[in-house]
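Here is the structure we will look at, set down as structure tokens.
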Amino acid sequence: MRLSQLLERLEYEVIKGSSDIEITTLINDSRRVEEGSVFVCISGAVSDGHTYVQEVYEKGALAVIVEKEVEVPQGLTVIRVPDTRYALALMSAAYFGYPAERLKIIGITGTKGKTTTTYMVKSILEGAGHKVGLIGTIEAVIGNKTIPANNTTPESYTIQSYFAQMAEAGCDSVVMEVSSQGLMLHRTAGIPFEIGIFTNLGEDHIGPNEHKDFEDYKRCKGLLFKQCKTGIANIDDLWYEDVFKEATCRRETFGFNEGADLQAVDVEHISKPGYLGVKYHVRGLLDFDVEIDIPGEFSVYNSLTAIAVCRHFGVPVENIKNALKVAKVKGRIEMVKVSDNFTLMIDYAHNAMSLESLLHTLRDYHPERIVTVFGCGGNRSKTRRYEMGEVAGRLSDFTIITSDNPRFEEPQAIIDDIITGIERTDGTYISICDRKEAIKYAISNGRPGDVIILAGKGHETYQEIKGVKYDMDERVLIQEVLEELK
């Protein structure tokens, strides 16, 4: 492939050499450079690709893409662009033959609800005969193949590689989570989104390695709606207008508000031992009854989003209803049957905002008690621990503090920080460091009408201790506990 072909949709300047050369591979990791590669120098948070120019030349790279001045050896082509991350995205699309143009791509952004909504959309579209790829927080799904995820939105080269594999596997559409980080770092640049979704916005991801402030967070979320044909938004969200203020797409809305294009009315919570759900009526652009086996108001929002998307694909109402009734997402309010007397669920709630939202939702079902089992990750902000402890103390009837991913910290030290937060409240608690023992205590002391939440791990199937990931799936732990309690 000629280098000029990879650059055809970019503004660039040839600093040295020629763009009319044949290259073998497009690479942005210096360790993977081989004879004939073009290397894109990314200025990262940890390392700067511009410092590896001599190294990649010695490995056989023929060209480098830069955004700042570098010293270069003789015989190396140098192409300068305004932003190498943006360049990587468009060059990756060209490298794989613009696979996104053979797919209908649905991008979902927001602070909460992205993961559940992607699986709901995939379930409904597949029920209507579509073949759907998925890229998200848990995994990428390509036909029958699943690839565990490292980031909610992978690097642009990886995304384009997935698109190419999905097109090859016969997919006609893709649903993907689009994080604010992914938008900010141009991982999704050049993707022709058919539909963009805005779920909601909360004050999260603000910090030195993420967004400098809330305004920047909002701005980055809004970038999706400058590169999609149709934007579908939660009209009830406080920041909806801000996120869409520079949108260039057609706009549709969903929510409880009377002005919504798809409005939820007559919401009813369904509760019975071992089961929580919700039903409602949707009216506006469509008119029918909906029932979902996932509890809470946010399940109404997630399902409305899925309905809005599938309307554009012409999915029959009966298909939508049937698919929503069975839609499940691993680790997102995932109910596990352990008793006829009480309900147990696994959820990924791993910060104060998500835990508070979950506990408020469960209060709507008037349980006898809410029992929350959780820990916090090591090598992360102590503030998160204090906040989660305080939320659990305020909104749970009983809390069992345990270990999560301690990483390089002592598990008990993390537990002590959580206790600092919980003791700001009147909440009752115990601490059991071993997570399996904590789960065993919760199940063996469950009372009729209780709702027990195992929070924080969700879809994860490991525990990280001192740099090593050990197998630990809460579903397996639950079954082991049940065997031991027989």
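Labels for the structure tokens follow display order: chains A, B, ..., residues from 1 in each chain, ligands from 1.
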When you look at stretch 420-423 of chain A with a cut-off of 9 Å (counting only C-alpha atoms), what residues show up, excluding the ones that are within fewer than 6 positions of it in the same chain? I need them as a short mmCIF file (atom, residue, chain, number, x, y, z; two decimals) with N, CA and C atoms, in the first residue's frame.
```cif
data_model
loop_
_atom_site.label_atom_id
_atom_site.label_comp_id
_atom_site.auth_asym_id
_atom_site.auth_seq_id
_atom_site.Cartn_x
_atom_site.Cartn_y
_atom_site.Cartn_z
N THR A 383 -10.76 9.40 48.20
CA THR A 383 -12.05 10.11 48.24
C THR A 383 -13.17 9.20 47.79
N ARG A 385 -13.42 6.08 48.19
CA ARG A 385 -13.73 5.14 49.27
C ARG A 385 -14.61 5.80 50.33
N TYR A 386 -14.23 7.03 50.71
CA TYR A 386 -15.03 7.75 51.71
C TYR A 386 -16.46 7.94 51.19
N GLU A 387 -16.55 8.36 49.92
CA GLU A 387 -17.86 8.66 49.32
C GLU A 387 -18.72 7.40 49.22
N MET A 388 -18.12 6.28 48.79
CA MET A 388 -18.90 5.05 48.67
C MET A 388 -19.34 4.54 50.04
N GLY A 389 -18.46 4.68 51.03
CA GLY A 389 -18.83 4.29 52.38
C GLY A 389 -20.00 5.11 52.90
N GLU A 390 -19.96 6.41 52.59
CA GLU A 390 -21.02 7.30 53.06
C GLU A 390 -22.35 6.97 52.36
N VAL A 391 -22.31 6.72 51.07
CA VAL A 391 -23.53 6.37 50.32
C VAL A 391 -24.12 5.06 50.85
N ALA A 392 -23.27 4.05 51.04
CA ALA A 392 -23.75 2.76 51.55
C ALA A 392 -24.35 2.93 52.94
N GLY A 393 -23.71 3.73 53.78
CA GLY A 393 -24.22 3.95 55.13
C GLY A 393 -25.57 4.65 55.16
N ARG A 394 -25.76 5.57 54.24
CA ARG A 394 -27.02 6.34 54.19
C ARG A 394 -28.17 5.54 53.60
N TYR A 429 -22.79 -1.83 59.93
CA TYR A 429 -21.91 -2.56 59.00
C TYR A 429 -21.06 -3.56 59.75
#
```
For this session: Write down as a ChimeraX atom specification the residues belonging to stretch 182-431 of chain A that are assigned alpha helix (DSSP H) by DSSP computed on the backbone.
Result: /A:182-184,214-222,240-243,297-312,317-326,352-363,382-395,411-422
For this session: Measuring atom to atom with only C-alpha atoms, identify which of A:Arg32, A:Lys337, A:Lys382, A:His360 is nearest to A:Arg475.
Result: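 Ranking A:Arg32, A:Lys337, A:Lys382, A:His360 by distance to A:Arg475, first place goes to A:Lys337.
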For this session: Using only C-alpha atoms, determine which residues lie at most 10 Å from A:Glu58, disregarding the query and same-chain residues fewer than 5 positions distant; provide the list as a PyMOL selection string.
Result: chain A and resi 33-35+53+73
Since we have the selection now, will you write its residues out, keeping C-alpha atoms, as a PDB file, in the first residue's frame?
```pdb
ATOM      1  CA  VAL A  33       7.490  -1.924  14.112  1.00  0.00           C
ATOM      2  CA  GLU A  34       8.862  -4.109  11.323  1.00  0.00           C
ATOM      3  CA  GLU A  35      10.595  -3.693   7.972  1.00  0.00           C
ATOM      4  CA  VAL A  53      12.087   7.738  15.977  1.00  0.00           C
ATOM      5  CA  PRO A  73      18.069   9.810  10.434  1.00  0.00           C
TER       6      PRO A  73
END
```
Contact table stretch 338-407 of chain A vs stretch 189-202 of chain A, cut-off 12 Å, shortest pair per residue, only C-alpha atoms, as JSON lines:
```
{"residue": "A:Asn351", "atom": "CA", "partner": "A:Gly202", "partner_atom": "CA", "distance": 11.9}
{"residue": "A:Ala352", "atom": "CA", "partner": "A:Gly202", "partner_atom": "CA", "distance": 11.3}
{"residue": "A:Met353", "atom": "CA", "partner": "A:Gly202", "partner_atom": "CA", "distance": 8.1}
{"residue": "A:Ser354", "atom": "CA", "partner": "A:Gly202", "partner_atom": "CA", "distance": 9.8}
{"residue": "A:Ser357", "atom": "CA", "partner": "A:Gly202", "partner_atom": "CA", "distance": 11.2}
```
